[in-house]
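Asks: So that we are looking at the same thing, I have put the structure below in structure tokens.
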Amino acid sequence: MIELEGLTKHYGDKVAVDDLTFTVRPGIVTGFLGPNGAGKSTTMRMMLDLDNPTAGTVRIDGKHYRQLRDPLTYIGALLEAKSVHGGRSAANHLLCLAQSNGIPRGRVSEVLDTVGLSAVAKKRAKGFSLGMSQRLGIAAALLGDPRVLLFDEPVNGLDPEGIHWIRNLMKNLASQGRTVFVSSHLMSEMALTAEHLIVIGQGRLMADTSMRDFIQQNSRSYVRMRSPEREKLLDLLHSEGIDAAVAGNGSLEVDGVPADRLGELAAAHQLVLHELSPQQASLEEAFMQLTAESVEYHAHDGEPVPAQAGAAPGARTPEPAGARPGEPQPSGWGADWQKKRS
Ligand code: ADP
Ligand code: MG
């Protein structure tokens with residue numbers, strides 16, 4: 001279990017992590033989600049005592065990191081920046097870690113086996129591919145057989161096979177009763193891995209909810225309609241008491257009415273349709289809307305104060321001005337998206 005209470009980190013004027021309070025429970029994979037720059041890595045570094053909080057506390061199974069004897073046997077981590085000594089072999093790298101952390105040397109071959117690196121145990125880590133380096137990093141995290149594991153963006157840059165492997169590994173570790181906390185800037189990744197979600201934007205807590213509730217509350221389904229006689233179609237829908245929104249590309253989006261009824265309605269009034277298609281808004285969109293809030297406020301008044309800070313679990317947020325679900329939006333989460341919104 002990991003418990004955060006009012007965890008805060010300032011870098012000069014910049015508030016990287018803002019009053020985070022949440023608990024990461026054992027036995028499930030908890031996803032830590034937020035756009036680039038949201039404060040995920042900073043939070044994880046503070047969990048590992050690699051960075052000092054400006055305020056607040058982190059407890060690992062009830063203890064502060066500094067009170068842990070042989071911390072690697074309590075908490076293991078794969079951080080973004082890899083610190084593998086390139087000149088050493090994979091086995092030697094792990095052996096050094098084991099020796100300086102009171103871990104029996106027999107664990108080295110066990111974890112190499114777990115991550116599938118036994119065959120290259122004697123090879124220098126310098127020549128490792130990204131996937132192999134990532135596996136070695138995970139071997140190091142598992143070395144002390146810790147009850148708590150942190151993974152910071154573990155699938156970045158991996159091939160599909162590596163991604164699949166890491167997902168399964170995390171689920172297995174959780175099913176053994178461990179606490180597994182994994183960060184990502186991609187909702188699509190979390191949806192496949194995590195059972196619980198912590199979402200942050202600009203350092204603030206935006207949601208603390210089960211994946212199931214998040215999906216239930218955010219998967220909006222609607223019907224997209226395109227017609228060369230759009231105004232007539234709009235009038236017809238309104239006369240039937242059906243709300244339709246005009247999307248950025250000129251198509252109409254209709255909530256809560258089945259496609260066949262809409263098609264029949266159009267046919268009865270001899271309106272030509274170029275498209276009549278049921279749509280499911282993606283979780284990625286829901287996540288973007290949730291965190292775009294914080295970016296919106298940033299854009300308007302320069303204060304990184306999201307309206308939904310400390311939102312109730314699974315809270316639904318209003319749509320950011322100018323953005324509609326279903327409208328083509330940037331797929332990335334980086335500076336481009338934030339720039340666009342500011
Ligand atoms: P994430 O991992 O979610 O992408 P980070 O925790 O890396 O976010 O960064 C959060 C914010 O804190 C960013 O604005 C980043 O520029 C800033 N930041 C992170 N580390 C430092 C540092 N050592 N010095 C100054 N600013 C930092
Ligand atoms: Mg990061």
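Order determines the names: the first chain of the structure tokens is A, the second B, and so forth; residues in each chain are numbered 1 upward, and ligands are numbered 1 upward as they are shown.
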Per residue of chain A within 10 Å of ligand 2, note the shortest atom pair and the distance in Å to one decimal, counting only C-alpha atoms and all ligand atoms, and order the rows by chain and increasing residue number, as CSV.
Replies:
residue,atom,partner,partner_atom_place_in_ligand_line,distance
A:Gly34,CA,ligand 2,1 (Mg),9.2
A:Pro35,CA,ligand 2,1 (Mg),9.0
A:Asn36,CA,ligand 2,1 (Mg),6.5
A:Gly37,CA,ligand 2,1 (Mg),6.8
A:Ala38,CA,ligand 2,1 (Mg),7.9
A:Gly39,CA,ligand 2,1 (Mg),6.9
A:Lys40,CA,ligand 2,1 (Mg),5.4
A:Ser41,CA,ligand 2,1 (Mg),4.1
A:Thr42,CA,ligand 2,1 (Mg),7.2
A:Thr43,CA,ligand 2,1 (Mg),9.1
A:Met44,CA,ligand 2,1 (Mg),8.8
A:Arg45,CA,ligand 2,1 (Mg),9.8
A:Leu79,CA,ligand 2,1 (Mg),8.6
A:Glu80,CA,ligand 2,1 (Mg),6.6
A:Ala81,CA,ligand 2,1 (Mg),9.3
A:Asp152,CA,ligand 2,1 (Mg),6.7
A:Glu153,CA,ligand 2,1 (Mg),6.9
A:Ser183,CA,ligand 2,1 (Mg),7.9
A:Ser184,CA,ligand 2,1 (Mg),8.1
A:His185,CA,ligand 2,1 (Mg),8.4
Asks: Now that the selection is made, can you save its residues with N, CA and C atoms as a PDB file, in the first residue's frame?
Replies:
ATOM      1  N   GLY A  34      -1.964  10.982 -16.747  1.00  0.00           N
ATOM      2  CA  GLY A  34      -1.947  12.436 -16.891  1.00  0.00           C
ATOM      3  C   GLY A  34      -1.120  12.812 -18.090  1.00  0.00           C
ATOM      4  N   PRO A  35      -1.420  13.966 -18.702  1.00  0.00           N
ATOM      5  CA  PRO A  35      -0.643  14.381 -19.868  1.00  0.00           C
ATOM      6  C   PRO A  35       0.820  14.633 -19.497  1.00  0.00           C
ATOM      7  N   ASN A  36       1.655  14.739 -20.480  1.00  0.00           N
ATOM      8  CA  ASN A  36       3.066  15.026 -20.221  1.00  0.00           C
ATOM      9  C   ASN A  36       3.174  16.309 -19.401  1.00  0.00           C
ATOM     10  N   GLY A  37       4.031  16.286 -18.383  1.00  0.00           N
ATOM     11  CA  GLY A  37       4.220  17.463 -17.556  1.00  0.00           C
ATOM     12  C   GLY A  37       3.229  17.567 -16.407  1.00  0.00           C
ATOM     13  N   ALA A  38       2.360  16.555 -16.245  1.00  0.00           N
ATOM     14  CA  ALA A  38       1.325  16.610 -15.199  1.00  0.00           C
ATOM     15  C   ALA A  38       1.902  16.423 -13.798  1.00  0.00           C
ATOM     16  N   GLY A  39       3.080  15.813 -13.716  1.00  0.00           N
ATOM     17  CA  GLY A  39       3.695  15.609 -12.407  1.00  0.00           C
ATOM     18  C   GLY A  39       3.811  14.151 -11.980  1.00  0.00           C
ATOM     19  N   LYS A  40       3.631  13.236 -12.918  1.00  0.00           N
ATOM     20  CA  LYS A  40       3.669  11.809 -12.579  1.00  0.00           C
ATOM     21  C   LYS A  40       5.059  11.371 -12.116  1.00  0.00           C
ATOM     22  N   SER A  41       6.066  11.699 -12.918  1.00  0.00           N
ATOM     23  CA  SER A  41       7.426  11.262 -12.561  1.00  0.00           C
ATOM     24  C   SER A  41       7.884  11.896 -11.257  1.00  0.00           C
ATOM     25  N   THR A  42       7.537  13.171 -11.077  1.00  0.00           N
ATOM     26  CA  THR A  42       7.923  13.860  -9.845  1.00  0.00           C
ATOM     27  C   THR A  42       7.284  13.170  -8.636  1.00  0.00           C
ATOM     28  N   THR A  43       6.013  12.820  -8.770  1.00  0.00           N
ATOM     29  CA  THR A  43       5.316  12.116  -7.680  1.00  0.00           C
ATOM     30  C   THR A  43       6.009  10.790  -7.373  1.00  0.00           C
ATOM     31  N   MET A  44       6.347  10.058  -8.429  1.00  0.00           N
ATOM     32  CA  MET A  44       6.974   8.750  -8.224  1.00  0.00           C
ATOM     33  C   MET A  44       8.365   8.888  -7.611  1.00  0.00           C
ATOM     34  N   ARG A  45       9.089   9.921  -8.029  1.00  0.00           N
ATOM     35  CA  ARG A  45      10.412  10.129  -7.418  1.00  0.00           C
ATOM     36  C   ARG A  45      10.289  10.435  -5.935  1.00  0.00           C
ATOM     37  N   LEU A  79      12.069   3.455 -13.374  1.00  0.00           N
ATOM     38  CA  LEU A  79      11.867   4.880 -13.643  1.00  0.00           C
ATOM     39  C   LEU A  79      12.133   5.177 -15.111  1.00  0.00           C
ATOM     40  N   GLU A  80      11.733   6.374 -15.519  1.00  0.00           N
ATOM     41  CA  GLU A  80      11.866   6.753 -16.916  1.00  0.00           C
ATOM     42  C   GLU A  80      13.320   6.750 -17.366  1.00  0.00           C
ATOM     43  N   ALA A  81      14.160   7.429 -16.596  1.00  0.00           N
ATOM     44  CA  ALA A  81      15.571   7.495 -16.961  1.00  0.00           C
ATOM     45  C   ALA A  81      16.259   6.226 -16.469  1.00  0.00           C
ATOM     46  N   ASP A 152       7.227   3.698 -14.207  1.00  0.00           N
ATOM     47  CA  ASP A 152       6.975   5.013 -14.804  1.00  0.00           C
ATOM     48  C   ASP A 152       7.043   4.893 -16.327  1.00  0.00           C
ATOM     49  N   GLU A 153       5.908   5.016 -16.974  1.00  0.00           N
ATOM     50  CA  GLU A 153       5.796   4.913 -18.442  1.00  0.00           C
ATOM     51  C   GLU A 153       6.563   3.699 -18.983  1.00  0.00           C
ATOM     52  N   SER A 183       2.469   4.419 -14.376  1.00  0.00           N
ATOM     53  CA  SER A 183       2.078   5.686 -14.986  1.00  0.00           C
ATOM     54  C   SER A 183       2.017   5.574 -16.498  1.00  0.00           C
ATOM     55  N   SER A 184       1.189   6.422 -17.085  1.00  0.00           N
ATOM     56  CA  SER A 184       1.130   6.511 -18.542  1.00  0.00           C
ATOM     57  C   SER A 184       0.479   7.838 -18.919  1.00  0.00           C
ATOM     58  N   HIS A 185       0.793   8.331 -20.117  1.00  0.00           N
ATOM     59  CA  HIS A 185       0.082   9.505 -20.616  1.00  0.00           C
ATOM     60  C   HIS A 185      -0.983   9.066 -21.621  1.00  0.00           C
TER      61      HIS A 185
END
Asks: Give me the residues within 6 Å of Lys9 (chain A) as a count of residues only, counting only C-alpha atoms and dropping any in the same chain fewer than 4 places off.
Replies: 4
Asks: For Leu236 (chain A), work out the shell of residues within 12 Å, counting only C-alpha atoms and skipping chain neighbours fewer than 6 positions away, then give it as a list in words.
Replies: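 Listed by chain and then number, they are Glu229, Arg230, Ile242, Asp243, Ala244, Leu262, Leu265, Ala266, Ala267, Ala268, His269, Gln270 and Leu271 of chain A.
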Asks: Can you write out the residues you just picked, keeping N, CA and C atoms, as a PDB file, in the first residue's frame?
Replies:
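What follows is the written file result20.pdb:
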ATOM      1  N   GLU A 229     -28.355  18.282 -46.992  1.00  0.00           N
ATOM      2  CA  GLU A 229     -29.459  19.184 -46.609  1.00  0.00           C
ATOM      3  C   GLU A 229     -29.461  19.332 -45.079  1.00  0.00           C
ATOM      4  N   ARG A 230     -28.336  19.782 -44.580  1.00  0.00           N
ATOM      5  CA  ARG A 230     -28.137  19.774 -43.136  1.00  0.00           C
ATOM      6  C   ARG A 230     -29.160  20.627 -42.382  1.00  0.00           C
ATOM      7  N   ILE A 242     -35.609  16.201 -30.937  1.00  0.00           N
ATOM      8  CA  ILE A 242     -34.307  15.522 -30.850  1.00  0.00           C
ATOM      9  C   ILE A 242     -33.198  16.563 -30.896  1.00  0.00           C
ATOM     10  N   ASP A 243     -32.335  16.515 -29.904  1.00  0.00           N
ATOM     11  CA  ASP A 243     -31.213  17.452 -29.879  1.00  0.00           C
ATOM     12  C   ASP A 243     -30.094  16.959 -30.782  1.00  0.00           C
ATOM     13  N   ALA A 244     -29.557  17.848 -31.594  1.00  0.00           N
ATOM     14  CA  ALA A 244     -28.415  17.488 -32.434  1.00  0.00           C
ATOM     15  C   ALA A 244     -27.371  18.588 -32.322  1.00  0.00           C
ATOM     16  N   LEU A 262     -33.470   7.373 -36.655  1.00  0.00           N
ATOM     17  CA  LEU A 262     -33.032   8.585 -37.348  1.00  0.00           C
ATOM     18  C   LEU A 262     -33.090   8.385 -38.855  1.00  0.00           C
ATOM     19  N   LEU A 265     -36.690   8.400 -40.024  1.00  0.00           N
ATOM     20  CA  LEU A 265     -37.195   9.773 -39.967  1.00  0.00           C
ATOM     21  C   LEU A 265     -36.756  10.566 -41.205  1.00  0.00           C
ATOM     22  N   ALA A 266     -35.474  10.438 -41.536  1.00  0.00           N
ATOM     23  CA  ALA A 266     -34.941  11.147 -42.703  1.00  0.00           C
ATOM     24  C   ALA A 266     -35.626  10.648 -43.971  1.00  0.00           C
ATOM     25  N   ALA A 267     -35.803   9.327 -44.067  1.00  0.00           N
ATOM     26  CA  ALA A 267     -36.429   8.741 -45.258  1.00  0.00           C
ATOM     27  C   ALA A 267     -37.869   9.235 -45.402  1.00  0.00           C
ATOM     28  N   ALA A 268     -38.600   9.281 -44.277  1.00  0.00           N
ATOM     29  CA  ALA A 268     -40.001   9.706 -44.316  1.00  0.00           C
ATOM     30  C   ALA A 268     -40.134  11.132 -44.828  1.00  0.00           C
ATOM     31  N   HIS A 269     -39.069  11.928 -44.646  1.00  0.00           N
ATOM     32  CA  HIS A 269     -39.111  13.318 -45.122  1.00  0.00           C
ATOM     33  C   HIS A 269     -38.239  13.519 -46.355  1.00  0.00           C
ATOM     34  N   GLN A 270     -37.845  12.411 -46.967  1.00  0.00           N
ATOM     35  CA  GLN A 270     -37.085  12.418 -48.214  1.00  0.00           C
ATOM     36  C   GLN A 270     -35.826  13.283 -48.135  1.00  0.00           C
ATOM     37  N   LEU A 271     -35.139  13.130 -47.022  1.00  0.00           N
ATOM     38  CA  LEU A 271     -33.864  13.844 -46.876  1.00  0.00           C
ATOM     39  C   LEU A 271     -32.719  12.889 -47.183  1.00  0.00           C
TER      40      LEU A 271
END
Asks: When you look at Leu112 (chain A) with a cut-off of 8 Å (counting only C-alpha atoms), what residues show up, excluding the ones that are within fewer than 5 positions of it in the same chain? I need them as a list in words.
Replies: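 Final neighbour list, sorted by chain and number: Ala91, Leu117, Ser118, Ala121, Leu136 and Ala139 of chain A.
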Asks: Report as a VMD selection string all protein, DNA and RNA residues lying within 9 Å of Tyr74 (chain A), evaluated on only C-alpha atoms, omitting residues in the same chain fewer than 3 positions from it.
Replies: chain A and resid 60 to 61 68 to 71 144 to 149
Asks: Name the closest residue to Thr21 (chain A) among the candidates A:Val199, A:Ile103, A:Val180, A:Ile163; distances are taken between atoms, counting only C-alpha atoms.
Replies: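 Among the listed residues, A:Val199 lies closest to Thr21 (chain A).
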Asks: Here is a test: counting only C-alpha atoms and all ligand atoms, which residue of A:Gly241, A:Pro154, A:Gly250, A:Gly201 is nearest to ligand 1?
Replies: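 Smallest separation from ligand 1 among the options: A:Gly201.
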Asks: Residues of region 13-220 of chain A classed as alpha helix (DSSP H) by DSSP on the backbone are to be reported as a compact mmCIF listing (two decimals) with N, CA and C atoms, in the first residue's frame.
Replies:
# COMPACT_ATOMS: atom_id res chain seq x y z
N LYS A 40 3.63 13.24 -12.92
CA LYS A 40 3.67 11.81 -12.58
C LYS A 40 5.06 11.37 -12.12
N SER A 41 6.07 11.70 -12.92
CA SER A 41 7.43 11.26 -12.56
C SER A 41 7.88 11.90 -11.26
N THR A 42 7.54 13.17 -11.08
CA THR A 42 7.92 13.86 -9.85
C THR A 42 7.28 13.17 -8.64
N THR A 43 6.01 12.82 -8.77
CA THR A 43 5.32 12.12 -7.68
C THR A 43 6.01 10.79 -7.37
N MET A 44 6.35 10.06 -8.43
CA MET A 44 6.97 8.75 -8.22
C MET A 44 8.36 8.89 -7.61
N ARG A 45 9.09 9.92 -8.03
CA ARG A 45 10.41 10.13 -7.42
C ARG A 45 10.29 10.44 -5.94
N MET A 46 9.23 11.18 -5.57
CA MET A 46 9.05 11.46 -4.14
C MET A 46 8.65 10.21 -3.37
N MET A 47 7.90 9.32 -4.03
CA MET A 47 7.55 8.05 -3.38
C MET A 47 8.82 7.27 -3.03
N ALA A 90 24.46 -7.90 -17.74
CA ALA A 90 23.16 -7.84 -17.08
C ALA A 90 23.25 -8.49 -15.69
N ALA A 91 23.87 -9.66 -15.63
CA ALA A 91 23.95 -10.39 -14.36
C ALA A 91 24.77 -9.62 -13.33
N ASN A 92 25.88 -9.02 -13.80
CA ASN A 92 26.73 -8.28 -12.87
C ASN A 92 26.03 -7.05 -12.32
N HIS A 93 25.32 -6.38 -13.20
CA HIS A 93 24.56 -5.20 -12.79
C HIS A 93 23.63 -5.56 -11.64
N LEU A 94 22.91 -6.67 -11.81
CA LEU A 94 21.95 -7.10 -10.78
C LEU A 94 22.66 -7.58 -9.52
N LEU A 95 23.81 -8.24 -9.73
CA LEU A 95 24.57 -8.76 -8.59
C LEU A 95 25.04 -7.60 -7.69
N CYS A 96 25.53 -6.53 -8.32
CA CYS A 96 25.97 -5.35 -7.55
C CYS A 96 24.81 -4.79 -6.74
N LEU A 97 23.65 -4.69 -7.42
CA LEU A 97 22.46 -4.17 -6.72
C LEU A 97 22.10 -5.06 -5.54
N ALA A 98 22.13 -6.37 -5.77
CA ALA A 98 21.76 -7.33 -4.72
C ALA A 98 22.70 -7.19 -3.53
N GLN A 99 24.01 -7.13 -3.82
CA GLN A 99 24.99 -7.09 -2.74
C GLN A 99 24.87 -5.82 -1.90
N GLY A 106 21.19 -15.41 -5.17
CA GLY A 106 20.37 -16.37 -5.92
C GLY A 106 19.21 -15.70 -6.65
N ARG A 107 18.80 -14.54 -6.16
CA ARG A 107 17.69 -13.83 -6.79
C ARG A 107 18.04 -13.38 -8.21
N VAL A 108 19.34 -13.17 -8.46
CA VAL A 108 19.76 -12.64 -9.77
C VAL A 108 19.28 -13.55 -10.91
N SER A 109 19.59 -14.84 -10.80
CA SER A 109 19.19 -15.72 -11.90
C SER A 109 17.67 -15.88 -11.94
N GLU A 110 17.03 -15.80 -10.76
CA GLU A 110 15.56 -15.90 -10.74
C GLU A 110 14.91 -14.76 -11.53
N VAL A 111 15.36 -13.54 -11.24
CA VAL A 111 14.70 -12.41 -11.92
C VAL A 111 15.09 -12.34 -13.39
N LEU A 112 16.32 -12.76 -13.72
CA LEU A 112 16.70 -12.79 -15.14
C LEU A 112 15.79 -13.74 -15.90
N ASP A 113 15.46 -14.83 -15.22
CA ASP A 113 14.57 -15.81 -15.81
C ASP A 113 13.16 -15.22 -15.98
N THR A 114 12.69 -14.54 -14.94
CA THR A 114 11.35 -13.94 -14.98
C THR A 114 11.20 -12.98 -16.16
N LEU A 130 16.24 -1.35 -26.64
CA LEU A 130 15.39 -0.67 -25.66
C LEU A 130 14.54 -1.68 -24.89
N GLY A 131 13.99 -2.65 -25.61
CA GLY A 131 13.17 -3.67 -24.97
C GLY A 131 13.95 -4.47 -23.94
N MET A 132 15.18 -4.83 -24.29
CA MET A 132 16.01 -5.60 -23.36
C MET A 132 16.40 -4.75 -22.15
N SER A 133 16.73 -3.47 -22.39
CA SER A 133 17.07 -2.58 -21.27
C SER A 133 15.88 -2.45 -20.32
N GLN A 134 14.71 -2.36 -20.93
CA GLN A 134 13.50 -2.23 -20.12
C GLN A 134 13.30 -3.49 -19.27
N ARG A 135 13.55 -4.63 -19.85
CA ARG A 135 13.43 -5.89 -19.10
C ARG A 135 14.45 -5.94 -17.97
N LEU A 136 15.65 -5.45 -18.24
CA LEU A 136 16.69 -5.44 -17.20
C LEU A 136 16.28 -4.50 -16.07
N GLY A 137 15.70 -3.36 -16.44
CA GLY A 137 15.20 -2.42 -15.42
C GLY A 137 14.13 -3.07 -14.56
N ILE A 138 13.29 -3.88 -15.19
CA ILE A 138 12.23 -4.56 -14.44
C ILE A 138 12.83 -5.65 -13.55
N ALA A 139 13.85 -6.33 -14.07
CA ALA A 139 14.53 -7.33 -13.25
C ALA A 139 15.07 -6.68 -11.98
N ALA A 140 15.64 -5.49 -12.12
CA ALA A 140 16.18 -4.78 -10.96
C ALA A 140 15.07 -4.42 -9.98
N ALA A 141 13.92 -4.01 -10.52
CA ALA A 141 12.79 -3.66 -9.65
C ALA A 141 12.29 -4.87 -8.87
N LEU A 142 12.36 -6.05 -9.51
CA LEU A 142 11.84 -7.27 -8.88
C LEU A 142 12.84 -7.94 -7.94
N PRO A 160 5.10 -4.08 -29.90
CA PRO A 160 3.86 -4.67 -29.40
C PRO A 160 4.08 -5.90 -28.51
N GLU A 161 5.05 -6.71 -28.87
CA GLU A 161 5.31 -7.91 -28.07
C GLU A 161 5.78 -7.53 -26.66
N GLY A 162 6.67 -6.54 -26.59
CA GLY A 162 7.18 -6.07 -25.30
C GLY A 162 6.06 -5.45 -24.46
N ILE A 163 5.18 -4.70 -25.13
CA ILE A 163 4.07 -4.05 -24.42
C ILE A 163 3.14 -5.11 -23.83
N HIS A 164 2.84 -6.11 -24.63
CA HIS A 164 1.98 -7.20 -24.19
C HIS A 164 2.59 -7.91 -22.99
N TRP A 165 3.89 -8.14 -23.06
CA TRP A 165 4.59 -8.82 -21.98
C TRP A 165 4.51 -8.02 -20.68
N ILE A 166 4.78 -6.71 -20.77
CA ILE A 166 4.77 -5.88 -19.56
C ILE A 166 3.38 -5.81 -18.94
N ARG A 167 2.37 -5.68 -19.79
CA ARG A 167 1.00 -5.67 -19.27
C ARG A 167 0.70 -6.92 -18.45
N ASN A 168 1.04 -8.07 -19.02
CA ASN A 168 0.76 -9.32 -18.32
C ASN A 168 1.57 -9.44 -17.04
N LEU A 169 2.81 -9.00 -17.11
CA LEU A 169 3.65 -9.05 -15.91
C LEU A 169 3.02 -8.23 -14.78
N MET A 170 2.57 -7.03 -15.11
CA MET A 170 1.99 -6.18 -14.07
C MET A 170 0.75 -6.81 -13.47
N LYS A 171 -0.08 -7.39 -14.32
CA LYS A 171 -1.29 -8.04 -13.82
C LYS A 171 -0.93 -9.22 -12.92
N ASN A 172 0.08 -9.98 -13.33
CA ASN A 172 0.51 -11.11 -12.51
C ASN A 172 1.02 -10.66 -11.16
N LEU A 173 1.84 -9.62 -11.16
CA LEU A 173 2.39 -9.11 -9.90
C LEU A 173 1.26 -8.67 -8.98
N ALA A 174 0.25 -8.04 -9.54
CA ALA A 174 -0.89 -7.59 -8.73
C ALA A 174 -1.67 -8.79 -8.20
N SER A 175 -1.82 -9.80 -9.05
CA SER A 175 -2.61 -10.97 -8.61
C SER A 175 -1.89 -11.74 -7.51
N MET A 187 -4.47 6.97 -22.21
CA MET A 187 -5.65 6.30 -21.66
C MET A 187 -5.81 4.90 -22.26
N SER A 188 -5.54 4.78 -23.55
CA SER A 188 -5.73 3.49 -24.22
C SER A 188 -4.88 2.41 -23.55
N GLU A 189 -3.71 2.82 -23.10
CA GLU A 189 -2.82 1.86 -22.44
C GLU A 189 -3.40 1.46 -21.08
N MET A 190 -3.87 2.44 -20.33
CA MET A 190 -4.41 2.18 -19.00
C MET A 190 -5.64 1.30 -19.06
N ALA A 191 -6.47 1.55 -20.07
CA ALA A 191 -7.74 0.81 -20.18
C ALA A 191 -7.48 -0.69 -20.25
N LEU A 192 -6.32 -1.07 -20.80
CA LEU A 192 -6.01 -2.48 -20.96
C LEU A 192 -5.29 -3.08 -19.76
N THR A 193 -4.81 -2.24 -18.86
CA THR A 193 -3.95 -2.72 -17.80
C THR A 193 -4.52 -2.51 -16.41
N MET A 211 -11.62 1.71 -12.88
CA MET A 211 -11.62 1.75 -14.34
C MET A 211 -13.05 1.52 -14.84
N ARG A 212 -13.74 0.62 -14.18
CA ARG A 212 -15.09 0.27 -14.60
C ARG A 212 -16.01 1.49 -14.53
N ASP A 213 -15.97 2.20 -13.43
CA ASP A 213 -16.81 3.39 -13.30
C ASP A 213 -16.42 4.45 -14.32
N PHE A 214 -15.10 4.57 -14.53
CA PHE A 214 -14.64 5.58 -15.50
C PHE A 214 -15.21 5.28 -16.88
N ILE A 215 -15.15 4.02 -17.26
CA ILE A 215 -15.65 3.62 -18.58
C ILE A 215 -17.16 3.85 -18.64
N GLN A 216 -17.86 3.41 -17.58
CA GLN A 216 -19.31 3.53 -17.56
C GLN A 216 -19.75 4.99 -17.68
N GLN A 217 -19.06 5.86 -16.97
CA GLN A 217 -19.50 7.25 -16.94
C GLN A 217 -19.00 8.07 -18.12
N ASN A 218 -18.03 7.55 -18.82
CA ASN A 218 -17.44 8.37 -19.87
C ASN A 218 -17.57 7.83 -21.28
Asks: Record the distance separating atom 17 (C, counted along the ligand's line) of ligand 1 and CA of Arg66 (chain A), expressed in Å with one decimal.
Replies: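 Interatomic distance here is 24.1 Å.
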Asks: By how many Å are CA of Leu205 (chain A) and atom 24 (N, counted along the ligand's line) of ligand 1 apart?
Replies: 20.4 Å
Asks: Which is closer to Glu264 (chain A) than all the others in A:Ala119, A:Leu237, A:Ala281, A:Gly31, using only C-alpha atoms?
Replies: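 That would be A:Leu237, the residue with the smallest distance to Glu264 (chain A).
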Asks: Rank nothing, just name the residue among A:Ser210, A:Ser89, A:Thr57, A:Ser277 nearest to Arg226 (chain A), using only C-alpha atoms.
Replies: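 For Arg226 (chain A), the nearest of the given residues is A:Ser277.
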Asks: Which value, in Å to one decimal, gives the distance between CA of Asn156 (chain A) and CA of Gly203 (chain A)?
Replies: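 Interatomic distance here is 21.1 Å.
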Asks: DSSP says strand (DSSP E) for which residues of region 152-276 of chain A? Put them as a PyMOL selection string?
Replies: chain A and resi 152+179-184+196-201+204-210+221-226+244-246+252-255+275-276
Asks: With distances taken over only C-alpha atoms and all ligand atoms, which residue among A:Pro228, A:Gly27, A:Gly87, A:Gly12 lies nearest ligand 1?
Replies: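 Using only C-alpha atoms and all ligand atoms, ligand 1 sits closest to A:Gly12.
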